[in-house]
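One file, work14.cif, carrying mmCIF, C-alpha atoms and all ligand atoms:
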```cif
data_protein
#
loop_
_atom_site.label_atom_id
_atom_site.label_comp_id
_atom_site.auth_asym_id
_atom_site.auth_seq_id
_atom_site.Cartn_x
_atom_site.Cartn_y
_atom_site.Cartn_z
CA MET A 1240 39.59 -6.50 -10.67
CA THR A 1241 39.78 -10.06 -9.47
CA ASP A 1242 40.04 -12.95 -11.90
CA ALA A 1243 36.46 -14.10 -11.19
CA LYS A 1244 34.56 -14.86 -14.33
CA ALA A 1245 30.89 -15.36 -14.96
CA PRO A 1246 30.17 -18.53 -16.91
CA THR A 1247 29.37 -18.04 -20.56
CA ALA A 1248 27.68 -20.28 -23.06
CA THR A 1249 30.98 -20.80 -24.88
CA ALA A 1250 32.98 -21.58 -21.72
CA ASP A 1251 30.38 -24.13 -20.73
CA ALA A 1252 31.35 -27.79 -21.15
CA ASN A 1253 27.68 -28.71 -21.39
CA PRO A 1254 26.29 -27.96 -24.82
CA GLY A 1255 22.52 -28.06 -24.67
CA PHE A 1256 22.38 -26.84 -21.07
CA THR A 1257 21.84 -23.17 -20.29
CA PRO A 1258 24.64 -21.93 -18.02
CA ARG A 1259 23.28 -21.60 -14.49
CA VAL A 1260 25.09 -20.91 -11.21
CA PHE A 1261 24.17 -22.61 -7.92
CA SER A 1262 25.92 -22.61 -4.56
CA GLY A 1263 25.12 -23.05 -0.90
CA ILE A 1264 26.42 -22.46 2.59
CA GLN A 1265 25.49 -24.30 5.78
CA PRO A 1266 23.82 -22.19 8.47
CA SER A 1267 25.72 -24.14 11.09
CA GLY A 1268 27.43 -21.28 12.89
CA GLY A 1269 28.88 -17.86 12.22
CA LEU A 1270 30.21 -16.89 8.81
CA THR A 1271 33.99 -16.55 8.54
CA LEU A 1272 36.34 -14.60 6.31
CA GLY A 1273 36.93 -17.99 4.59
CA ASN A 1274 33.24 -18.25 3.66
CA TYR A 1275 33.29 -14.64 2.52
CA LEU A 1276 36.37 -14.79 0.29
CA GLY A 1277 35.98 -18.41 -0.84
CA ALA A 1278 32.26 -18.19 -1.55
CA ILE A 1279 30.06 -15.13 -0.88
CA LYS A 1280 32.30 -12.53 -2.54
CA ARG A 1281 32.41 -14.77 -5.60
CA PHE A 1282 28.62 -15.22 -5.51
CA VAL A 1283 28.25 -11.44 -5.70
CA GLU A 1284 30.74 -11.17 -8.57
CA MET A 1285 28.79 -13.73 -10.61
CA GLN A 1286 25.44 -12.01 -10.02
CA GLY A 1287 23.87 -9.83 -12.71
CA GLN A 1288 26.12 -11.07 -15.54
CA GLY A 1289 23.31 -12.48 -17.66
CA VAL A 1290 23.43 -15.96 -16.08
CA GLU A 1291 20.88 -17.07 -13.49
CA THR A 1292 22.39 -17.24 -9.99
CA ILE A 1293 20.79 -19.34 -7.24
CA TYR A 1294 22.20 -19.20 -3.71
CA CYS A 1295 20.93 -21.39 -0.93
CA MET A 1296 21.18 -21.69 2.85
CA VAL A 1297 21.49 -25.45 3.20
CA ASP A 1298 19.63 -26.03 6.46
CA MET A 1299 19.03 -29.72 5.64
CA HIS A 1300 22.79 -30.22 5.45
CA ALA A 1301 23.27 -28.36 8.72
CA ILE A 1302 21.18 -30.92 10.64
CA THR A 1303 23.50 -33.77 9.65
CA VAL A 1304 25.13 -32.81 12.95
CA TRP A 1305 23.08 -31.72 15.98
CA GLN A 1306 21.65 -28.20 15.79
CA ASP A 1307 19.68 -26.54 18.52
CA PRO A 1308 16.38 -25.57 16.80
CA GLU A 1309 16.34 -21.94 17.94
CA ALA A 1310 20.01 -21.53 17.07
CA LEU A 1311 19.42 -23.02 13.61
CA ARG A 1312 16.61 -20.54 12.92
CA ARG A 1313 18.79 -17.63 14.05
CA GLN A 1314 21.84 -18.85 12.11
CA THR A 1315 19.78 -19.29 8.93
CA ARG A 1316 18.52 -15.70 9.19
CA GLU A 1317 22.05 -14.51 10.00
CA LEU A 1318 23.39 -16.27 6.91
CA ALA A 1319 20.66 -14.66 4.81
CA ALA A 1320 21.60 -11.30 6.34
CA GLY A 1321 25.24 -12.02 5.43
CA TYR A 1322 24.30 -12.76 1.82
CA LEU A 1323 22.28 -9.54 1.57
CA ALA A 1324 24.81 -7.37 3.42
CA ALA A 1325 27.62 -8.59 1.15
CA GLY A 1326 25.67 -7.47 -1.91
CA LEU A 1327 23.43 -10.30 -3.05
CA ASP A 1328 20.24 -8.78 -4.35
CA PRO A 1329 16.99 -10.79 -4.28
CA THR A 1330 15.90 -9.12 -7.53
CA LYS A 1331 19.04 -10.40 -9.27
CA SER A 1332 19.70 -13.74 -7.52
CA ILE A 1333 17.39 -16.38 -6.07
CA LEU A 1334 18.03 -16.57 -2.30
CA PHE A 1335 16.30 -19.20 -0.17
CA ASN A 1336 16.71 -21.89 2.45
CA GLN A 1337 16.90 -25.46 1.21
CA SER A 1338 14.16 -27.02 3.36
CA GLN A 1339 11.50 -24.77 1.76
CA VAL A 1340 12.05 -26.44 -1.61
CA SER A 1341 11.33 -30.12 -1.06
CA ALA A 1342 12.64 -31.07 -4.52
CA HIS A 1343 16.16 -31.09 -2.98
CA ALA A 1344 15.26 -33.86 -0.52
CA GLU A 1345 13.25 -35.78 -3.13
CA LEU A 1346 16.05 -35.82 -5.70
CA GLY A 1347 18.49 -36.49 -2.85
CA TRP A 1348 16.67 -39.78 -2.17
CA ILE A 1349 16.87 -40.83 -5.81
CA PHE A 1350 20.60 -40.04 -5.77
CA ASN A 1351 21.01 -42.12 -2.59
CA CYS A 1352 19.92 -45.00 -4.78
CA VAL A 1353 22.34 -44.05 -7.58
CA ALA A 1354 25.46 -43.25 -5.55
CA ARG A 1355 27.53 -46.11 -4.07
CA MET A 1356 28.59 -46.56 -0.44
CA GLY A 1357 32.22 -46.80 -1.59
CA TRP A 1358 32.03 -43.33 -3.15
CA MET A 1359 30.78 -41.81 0.09
CA ASN A 1360 33.41 -43.69 2.10
CA ARG A 1361 36.14 -42.04 0.07
CA MET A 1362 35.02 -38.46 0.77
CA THR A 1363 37.79 -36.71 2.70
CA GLN A 1364 35.33 -34.55 4.67
CA TRP A 1365 33.51 -37.69 5.85
CA LYS A 1366 36.82 -39.29 6.81
CA ASP A 1367 38.01 -36.13 8.61
CA LYS A 1368 34.79 -35.85 10.60
CA THR A 1369 34.57 -39.51 11.53
CA SER A 1370 38.05 -40.76 12.28
CA GLY A 1371 38.12 -44.21 13.89
CA LYS A 1372 35.08 -45.37 15.80
CA ASP A 1373 33.32 -42.01 15.49
CA ALA A 1374 31.80 -43.29 12.23
CA GLU A 1375 29.50 -45.57 14.26
CA LYS A 1376 27.98 -42.57 16.00
CA ALA A 1377 27.70 -40.29 12.98
CA SER A 1378 24.25 -39.71 11.51
CA LEU A 1379 23.23 -41.50 8.35
CA GLY A 1380 22.57 -38.03 6.95
CA LEU A 1381 26.23 -37.07 7.40
CA PHE A 1382 27.27 -40.09 5.35
CA ALA A 1383 24.76 -39.27 2.59
CA TYR A 1384 25.59 -35.54 2.74
CA PRO A 1385 27.33 -35.40 -0.70
CA SER A 1386 24.36 -37.08 -2.36
CA LEU A 1387 22.03 -34.31 -1.12
CA MET A 1388 24.61 -31.78 -2.26
CA ALA A 1389 24.52 -33.32 -5.75
CA ALA A 1390 20.72 -32.99 -5.67
CA ASP A 1391 21.01 -29.29 -4.65
CA ILE A 1392 23.06 -28.65 -7.75
CA LEU A 1393 21.42 -30.95 -10.27
CA VAL A 1394 17.80 -30.19 -9.41
CA TYR A 1395 18.51 -26.85 -11.16
CA HIS A 1396 20.67 -28.40 -13.90
CA ALA A 1397 23.32 -26.02 -12.58
CA THR A 1398 26.45 -25.94 -14.72
CA HIS A 1399 28.72 -23.87 -12.47
CA VAL A 1400 29.25 -24.03 -8.71
CA PRO A 1401 31.45 -21.38 -7.07
CA VAL A 1402 33.04 -22.92 -3.95
CA GLY A 1403 36.23 -22.93 -1.91
CA GLU A 1404 38.81 -25.62 -2.50
CA ASP A 1405 37.47 -27.89 0.27
CA GLN A 1406 34.29 -28.55 -1.74
CA LYS A 1407 36.02 -29.64 -4.96
CA GLN A 1408 35.72 -33.34 -4.22
CA HIS A 1409 31.99 -33.01 -3.53
CA VAL A 1410 31.41 -31.26 -6.86
CA GLU A 1411 33.41 -33.97 -8.63
CA LEU A 1412 31.20 -36.57 -6.96
CA THR A 1413 28.19 -34.64 -8.29
CA ARG A 1414 29.54 -35.29 -11.78
CA ASP A 1415 29.96 -38.99 -10.98
CA ILE A 1416 26.35 -39.20 -9.79
CA ALA A 1417 25.10 -37.35 -12.89
CA ALA A 1418 27.15 -39.62 -15.16
CA LYS A 1419 25.90 -42.81 -13.47
CA PHE A 1420 22.28 -41.64 -13.62
CA ASN A 1421 22.62 -40.73 -17.31
CA HIS A 1422 24.31 -44.05 -18.02
CA ASP A 1423 21.91 -46.26 -16.00
CA PHE A 1424 18.81 -44.72 -17.56
CA LYS A 1425 20.36 -44.16 -21.01
CA VAL A 1426 19.61 -40.44 -21.04
CA ASP A 1427 21.59 -37.22 -21.31
CA PHE A 1428 19.54 -35.52 -18.63
CA PHE A 1429 21.94 -34.16 -16.00
CA PRO A 1430 24.84 -31.83 -16.93
CA MET A 1431 28.46 -32.32 -15.90
CA THR A 1432 28.76 -29.48 -13.40
CA ASN A 1433 31.98 -27.48 -13.16
CA PRO A 1434 33.34 -26.34 -9.81
CA VAL A 1435 34.44 -22.70 -10.07
CA ILE A 1436 37.39 -22.35 -7.69
CA GLU A 1437 39.05 -19.07 -8.54
CA GLY A 1438 40.54 -16.03 -6.90
CA ALA A 1439 43.37 -15.48 -4.44
CA ALA A 1440 41.59 -17.00 -1.45
CA THR A 1441 40.07 -20.34 -2.33
CA ARG A 1442 41.56 -21.73 0.88
CA VAL A 1443 41.81 -19.17 3.67
CA MET A 1444 43.87 -20.54 6.54
CA SER A 1445 43.65 -20.12 10.32
CA LEU A 1446 45.23 -16.95 11.73
CA ARG A 1447 46.87 -19.08 14.45
CA ASP A 1448 48.16 -21.96 12.28
CA GLY A 1449 48.77 -21.45 8.57
CA THR A 1450 48.51 -25.17 7.86
CA LYS A 1451 44.89 -25.43 9.07
CA LYS A 1452 41.79 -24.17 7.24
CA MET A 1453 40.03 -21.16 8.78
CA SER A 1454 36.86 -22.71 10.14
CA LYS A 1455 33.74 -21.70 12.03
CA SER A 1456 34.26 -24.75 14.24
CA ASP A 1457 37.83 -23.89 15.33
CA PRO A 1458 37.81 -23.78 19.17
CA SER A 1459 39.90 -20.59 19.11
CA ASP A 1460 37.99 -17.46 18.06
CA ALA A 1461 41.34 -15.76 17.42
CA ALA A 1462 41.94 -18.23 14.56
CA ARG A 1463 39.20 -16.71 12.42
CA ILE A 1464 37.55 -13.45 11.48
CA ASN A 1465 33.79 -13.67 11.82
CA LEU A 1466 31.60 -11.57 9.56
CA THR A 1467 29.90 -10.35 12.75
CA ASP A 1468 33.19 -9.06 14.25
CA ASP A 1469 33.33 -5.29 14.71
CA ALA A 1470 36.17 -3.08 13.45
CA ASP A 1471 38.10 -3.36 16.69
CA ALA A 1472 37.96 -7.16 16.81
CA ILE A 1473 38.96 -7.50 13.13
CA SER A 1474 41.93 -5.21 13.59
CA LYS A 1475 43.10 -6.92 16.80
CA LYS A 1476 42.87 -10.43 15.30
CA ILE A 1477 44.95 -9.43 12.28
CA LYS A 1478 47.57 -7.68 14.37
CA LYS A 1479 47.85 -10.75 16.62
CA ALA A 1480 47.91 -13.23 13.71
CA LYS A 1481 50.83 -15.66 13.83
CA THR A 1482 53.65 -14.66 11.44
CA ASP A 1483 57.42 -14.96 11.20
CA ALA A 1484 60.30 -12.51 11.55
CA GLU A 1485 61.30 -12.40 7.87
CA PRO A 1486 60.43 -9.50 5.56
CA LEU A 1487 58.07 -10.17 2.65
CA PRO A 1488 59.85 -11.51 -0.45
CA GLU A 1489 59.53 -10.38 -4.06
CA SER A 1490 58.09 -13.60 -5.40
CA PHE A 1491 55.16 -15.69 -4.18
CA GLU A 1492 57.17 -18.92 -4.61
CA ALA A 1493 59.53 -17.71 -1.88
CA LEU A 1494 56.57 -17.99 0.54
CA ALA A 1495 56.24 -21.75 -0.03
CA ASP A 1496 57.52 -22.66 3.45
CA ARG A 1497 55.93 -19.71 5.23
CA PRO A 1498 52.24 -20.73 5.47
CA GLU A 1499 51.17 -17.90 7.80
CA ALA A 1500 52.83 -15.21 5.67
CA LYS A 1501 51.41 -16.73 2.51
CA ASN A 1502 47.92 -16.74 4.01
CA LEU A 1503 48.03 -13.04 4.94
CA VAL A 1504 49.25 -12.10 1.45
CA ASN A 1505 46.43 -14.14 -0.09
CA ILE A 1506 43.88 -12.46 2.15
CA TYR A 1507 45.24 -9.03 1.24
CA ALA A 1508 45.10 -9.85 -2.48
CA ALA A 1509 41.54 -11.19 -2.28
CA LEU A 1510 40.25 -8.24 -0.26
CA ALA A 1511 41.98 -5.64 -2.44
CA GLY A 1512 41.06 -7.40 -5.70
CA MET A 1513 44.79 -7.51 -6.58
CA THR A 1514 47.02 -10.35 -7.68
CA LYS A 1515 49.40 -11.85 -5.09
CA GLU A 1516 52.30 -10.68 -7.22
CA ALA A 1517 51.02 -7.08 -7.14
CA VAL A 1518 50.72 -7.24 -3.34
CA LEU A 1519 54.32 -8.46 -3.05
CA ALA A 1520 55.49 -5.78 -5.48
CA ASP A 1521 54.06 -3.20 -3.03
CA PHE A 1522 55.40 -4.79 0.17
CA ALA A 1523 58.61 -6.67 -0.77
CA GLY A 1524 61.34 -6.01 1.78
CA GLN A 1525 58.88 -4.86 4.46
CA GLY A 1526 58.20 -6.80 7.65
CA PHE A 1527 54.88 -7.64 9.28
CA GLY A 1528 55.14 -4.56 11.49
CA ALA A 1529 54.39 -2.57 8.35
CA PHE A 1530 52.17 -5.06 6.51
CA LYS A 1531 49.74 -6.01 9.26
CA PRO A 1532 48.37 -2.50 9.97
CA LYS A 1533 47.73 -2.04 6.24
CA LEU A 1534 45.97 -5.41 6.06
CA ALA A 1535 43.97 -4.57 9.20
CA ASP A 1536 42.81 -1.26 7.64
CA LEU A 1537 41.85 -3.02 4.42
CA ALA A 1538 39.96 -5.77 6.26
CA VAL A 1539 38.11 -3.26 8.44
CA ALA A 1540 37.19 -1.13 5.40
CA SER A 1541 35.88 -4.21 3.53
CA LEU A 1542 34.23 -6.16 6.34
CA ALA A 1543 33.00 -3.73 9.01
CA PRO A 1544 30.25 -2.31 6.72
CA ILE A 1545 29.03 -5.87 6.13
CA SER A 1546 28.90 -6.56 9.85
CA THR A 1547 27.00 -3.29 10.48
CA GLU A 1548 24.50 -4.04 7.72
CA MET A 1549 24.02 -7.59 9.01
CA SER A 1550 23.04 -6.33 12.45
CA ARG A 1551 20.62 -3.85 10.87
CA LEU A 1552 18.99 -6.58 8.78
CA MET A 1553 18.76 -8.89 11.79
CA GLN A 1554 16.46 -6.34 13.48
CA ASP A 1555 13.73 -7.35 11.04
CA PRO A 1556 13.56 -11.16 10.90
CA ALA A 1557 10.10 -11.07 9.25
CA GLU A 1558 11.56 -9.25 6.25
CA ILE A 1559 14.33 -11.86 5.94
CA ASP A 1560 11.75 -14.65 6.11
CA ARG A 1561 9.70 -12.89 3.41
CA ILE A 1562 12.74 -12.73 1.09
CA LEU A 1563 13.51 -16.42 1.71
CA GLY A 1564 9.90 -17.39 1.01
CA GLN A 1565 9.84 -15.48 -2.27
CA GLY A 1566 13.17 -16.98 -3.26
CA ALA A 1567 11.87 -20.47 -2.46
CA ASP A 1568 8.87 -19.94 -4.78
CA LYS A 1569 11.20 -18.95 -7.61
CA ALA A 1570 13.57 -21.86 -6.91
CA ASP A 1571 10.66 -24.30 -6.77
CA ALA A 1572 9.42 -23.14 -10.17
CA ILE A 1573 12.76 -24.20 -11.71
CA ALA A 1574 13.32 -27.36 -9.66
CA ARG A 1575 9.86 -28.95 -9.83
CA PRO A 1576 9.75 -29.65 -13.60
CA ILE A 1577 13.30 -31.08 -13.48
CA LEU A 1578 12.31 -33.32 -10.56
CA GLU A 1579 9.10 -34.43 -12.30
CA LYS A 1580 11.06 -35.37 -15.40
CA THR A 1581 13.51 -37.30 -13.19
CA TYR A 1582 10.64 -39.28 -11.61
CA ASP A 1583 9.39 -40.03 -15.09
CA ILE A 1584 12.83 -41.25 -16.26
CA VAL A 1585 13.09 -43.47 -13.18
CA GLY A 1586 9.66 -44.99 -13.89
CA MET A 1587 7.47 -43.57 -11.17
CA ILE A 1588 3.77 -42.95 -11.72
CA ARG A 1589 2.86 -39.29 -11.22
CA SER A 1590 -0.93 -39.23 -11.56
CA ARG A 1591 -1.96 -36.75 -8.84
CA ARG A 1592 -3.55 -33.56 -10.08
P1 LIG A 1601 30.37 -24.70 4.03
O1 LIG A 1601 29.10 -24.23 4.64
O2 LIG A 1601 31.33 -25.46 4.86
O3 LIG A 1601 31.16 -23.50 3.39
C1 LIG A 1601 30.51 -22.61 2.50
C2 LIG A 1601 31.47 -22.14 1.42
O4 LIG A 1601 32.60 -21.48 2.01
C3 LIG A 1601 33.80 -22.06 1.51
N1 LIG A 1601 34.81 -22.01 2.58
C4 LIG A 1601 36.06 -21.55 2.41
N2 LIG A 1601 36.68 -21.02 1.34
C5 LIG A 1601 37.97 -20.63 1.49
N3 LIG A 1601 38.63 -20.75 2.67
C6 LIG A 1601 38.06 -21.27 3.77
N4 LIG A 1601 38.72 -21.35 4.93
C7 LIG A 1601 36.69 -21.70 3.67
N5 LIG A 1601 35.80 -22.25 4.56
C8 LIG A 1601 34.66 -22.44 3.87
C9 LIG A 1601 33.42 -23.49 1.16
O5 LIG A 1601 34.31 -24.06 0.24
C10 LIG A 1601 32.04 -23.29 0.58
O6 LIG A 1601 32.11 -22.88 -0.78
N6 LIG A 1601 28.92 -28.66 1.40
C11 LIG A 1601 28.93 -27.21 1.42
C12 LIG A 1601 27.55 -26.61 1.34
C13 LIG A 1601 26.72 -27.06 0.19
C14 LIG A 1601 26.92 -26.70 -1.17
C15 LIG A 1601 25.87 -27.33 -1.88
C16 LIG A 1601 27.87 -25.92 -1.83
C17 LIG A 1601 25.63 -27.87 0.24
N7 LIG A 1601 25.11 -28.01 -0.98
C18 LIG A 1601 25.76 -27.19 -3.26
C19 LIG A 1601 27.76 -25.79 -3.22
C20 LIG A 1601 26.71 -26.42 -3.90
C21 LIG A 1601 29.58 -26.78 2.71
O7 LIG A 1601 29.58 -27.45 3.69
O8 LIG A 1601 30.04 -25.54 2.69
#
```
How would this structure read if it were set down as structure tokens?
Amino acid sequence: MTDAKAPTATADANPGFTPRVFSGIQPSGGLTLGNYLGAIKRFVEMQGQGVETIYCMVDMHAITVWQDPEALRRQTRELAAGYLAAGLDPTKSILFNQSQVSAHAELGWIFNCVARMGWMNRMTQWKDKTSGKDAEKASLGLFAYPSLMAADILVYHATHVPVGEDQKQHVELTRDIAAKFNHDFKVDFFPMTNPVIEGAATRVMSLRDGTKKMSKSDPSDAARINLTDDADAISKKIKKAKTDAEPLPESFEALADRPEAKNLVNIYAALAGMTKEAVLADFAGQGFGAFKPKLADLAVASLAPISTEMSRLMQDPAEIDRILGQGADKADAIARPILEKTYDIVGMIRSRR
């Protein structure tokens, strides 16, 4: 088993709030092994444990950078197919695309008026994406991105958000926004959401450079495994992954200065549901000539069925759209009353019937 835990009422730092899980992924390109291990696999582990799980395809976030409309539609369906193929079940989790539940955008606006420019300016993802004069050309939406993300989470009063390490700062900002709202309006309305960053692969690195995050936007396809890659491609990418000439050590600490080796051990542990120590106990003293074929077999056995199922699901886009529509109705039923109460707290007249 992995060390993933479902939230429980006792583990929850928010007395008075029912534990609820929310997370999202941008449909801005293909899904990678990083998205799978850092997010989707965790989403599946948290499903069906007695706590409501809500998983979103954040299409409104995706358009903070240019998206071709047809490509966005296809990528959103592909992401939904990825969720389903990996084991998310629409009878156990709420699955939908963000733009179908307008409460996200509405609460996002209110949070734009709560959050401060300085907070947004300090976000490392904003700084990374807009180094130097690029900030002038970035969309206003990209700057306000974390405020919409806070709305995604808080419009459900979500208490737990499973994410990879790169999203930690955004979830912490969500707490800052909740705290400022509660303070400004003298209420205890929004919970202090906890990021859930657990497991062996909260930061999966590039297969070509162990110091860089594996990313869908990396120009080199060899740097990542895509969830749409077939068995042959997965196996080839792992066998060609950058490594070093040393054998694997007995302790994980000994990998501190070997980022590529460390990454492959983490990937193995996450895919096998083992600890890193257990992986090293099995492979200590062996070189990558022995380790890589085993990792390739494991990756193919875990990922190729997902890729096959994704292509099958993609044959029936109408069925995917139906699932997303039903999910959006369920999401809306939770979000709308929370949004209405927020409008009321802020002092807005809501007299339409
Ligand atoms: P996004 O779409 O960039 O990534 C989706 C999820 O995948 C994780 N992830 C990784 N985990 C480990 N190793 C990697 N190399 C790796 N690459 C990506 C991310 O940490 C994330 O969990 N802002 C979010 C989307 C979002 C969201 C939300 C998430 C919008 N609203 C509300 C949670 C709650 C994002 O851009 O993720």
### Query
What do you get as number ranges by chain if you pick all residues at most 6 Å from ligand LIG 1601 (chain A), counting only C-alpha atoms and all ligand atoms?
A: 1262-1265, 1273-1274, 1277-1278, 1297, 1388, 1391-1392, 1400, 1402-1406, 1440-1444, 1452-1454
Report as a PDB file with C-alpha atoms, keeping the file's coordinate frame all protein, DNA and RNA residues lying within 10 Å of Asp1427 of chain A, evaluated on all atoms listed in the file, omitting residues in the same chain fewer than 4 positions from it.
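Result file follows (out_0.pdb):
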```
ATOM      1  CA  GLY A1255      22.520 -28.060 -24.670  1.00  0.00           C
ATOM      2  CA  ALA A1417      25.100 -37.350 -12.890  1.00  0.00           C
ATOM      3  CA  ALA A1418      27.150 -39.620 -15.160  1.00  0.00           C
ATOM      4  CA  PHE A1420      22.280 -41.640 -13.620  1.00  0.00           C
ATOM      5  CA  ASN A1421      22.620 -40.730 -17.310  1.00  0.00           C
ATOM      6  CA  HIS A1422      24.310 -44.050 -18.020  1.00  0.00           C
TER       7      HIS A1422
END
```
### Message
Can you pull out the residues contacting Gly1526 of chain A? Cut-off 10 Å, using only C-alpha atoms, and skip same-chain residues under 2 positions away; I want them as a PyMOL selection string.
### Response
chain A and resi 1482-1488+1522-1524+1528-1531
#### Entry: Atom pair atom CA of Met1356 of chain A / atom CA of Ile1293 of chain A: separation (Å)
29.1 Å
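Atom pair atom CA of Thr1271 of chain A / atom CA of Leu1381 of chain A: separated by 22.0 Å.
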### Point (24.6, -31.2, 11.4), cut-off 9 Å, counting only C-alpha atoms, residues as a list in words
Gln1265, Ser1267, Asp1298, Met1299, His1300, Ala1301, Ile1302, Thr1303, Val1304, Trp1305, Gln1306, Ser1378, Gly1380 and Leu1381 of chain A
Atoms to include: C-alpha atoms. Write the selected residues as an mmCIF file, in the coordinates of the input.
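Final output, selection-v5.cif:
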```cif
data_model
loop_
_atom_site.group_PDB
_atom_site.id
_atom_site.type_symbol
_atom_site.label_atom_id
_atom_site.label_comp_id
_atom_site.auth_asym_id
_atom_site.auth_seq_id
_atom_site.Cartn_x
_atom_site.Cartn_y
_atom_site.Cartn_z
ATOM 1 C CA GLN A 1265 25.490 -24.300 5.780
ATOM 2 C CA SER A 1267 25.720 -24.140 11.090
ATOM 3 C CA ASP A 1298 19.630 -26.030 6.460
ATOM 4 C CA MET A 1299 19.030 -29.720 5.640
ATOM 5 C CA HIS A 1300 22.790 -30.220 5.450
ATOM 6 C CA ALA A 1301 23.270 -28.360 8.720
ATOM 7 C CA ILE A 1302 21.180 -30.920 10.640
ATOM 8 C CA THR A 1303 23.500 -33.770 9.650
ATOM 9 C CA VAL A 1304 25.130 -32.810 12.950
ATOM 10 C CA TRP A 1305 23.080 -31.720 15.980
ATOM 11 C CA GLN A 1306 21.650 -28.200 15.790
ATOM 12 C CA SER A 1378 24.250 -39.710 11.510
ATOM 13 C CA GLY A 1380 22.570 -38.030 6.950
ATOM 14 C CA LEU A 1381 26.230 -37.070 7.400
#
```
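Distance check against Gly1321 of chain A using only C-alpha atoms: of A:Ala1342, A:Ala1517, A:Leu1552, A:Ile1416, the minimum falls on A:Leu1552.
With distances restricted to only C-alpha atoms, A:Ala1397 is the closest residue to Pro1430 of chain A from A:Leu1503, A:Ala1397, A:Cys1295, A:Val1260.
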### Task
Quick one: residues within 12 Å of (13.7, -25.5, -6.6) (file frame), counting all atoms listed in the file, please, as an NGL selection string.
:A and (1261 or 1293-1295 or 1333-1346 or 1390-1397 or 1564-1579)
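Coordinates place atom CA of Gly1269 of chain A at a distance of 11.8 Å from atom CA of Met1549 of chain A.
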### Residue contacts of Gln1554 of chain A (12 Å, only C-alpha atoms) excluding same-chain residues fewer than 3 positions away, as a count of residues only
12
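Nearest residue to Leu1542 of chain A, choosing from A:Gly1347, A:Pro1266, A:Pro1308, A:Gly1326 and counting only C-alpha atoms: A:Gly1326.
Between Ala1538 of chain A and the residues A:Arg1591, A:Lys1481, A:Lys1476, A:Lys1580, the shortest atom-to-atom distance, using only C-alpha atoms, involves A:Lys1476.
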### Message
Need the shell around Ser1332 of chain A: protein/DNA/RNA residues with any atom at most 8 Å away, counting all atoms listed in the file. Skip same-chain ones fewer than 2 positions apart. Format as a ChimeraX atom specification?
### Response
/A:1286-1287,1291-1294,1327-1330,1334
### Query
If you count all atoms listed in the file, which residues fall within 10 Å of Gln1364 of chain A, apart from same-chain ones fewer than 2 positions away, as a PyMOL selection string?
chain A and resi 1359-1362+1366-1369+1381-1382+1384-1385+1405-1406+1408-1409
### Query
Which of these residues is nearest to Tyr1507 of chain A, using all atoms listed in the file: A:Leu1272, A:Gly1289, A:Ser1459, A:Ile1436?
A:Leu1272
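Between Gly1438 of chain A and the residues A:Ala1508, A:Ala1310, A:Ile1584, A:Leu1318, the shortest atom-to-atom distance, using all atoms listed in the file, involves A:Ala1508.
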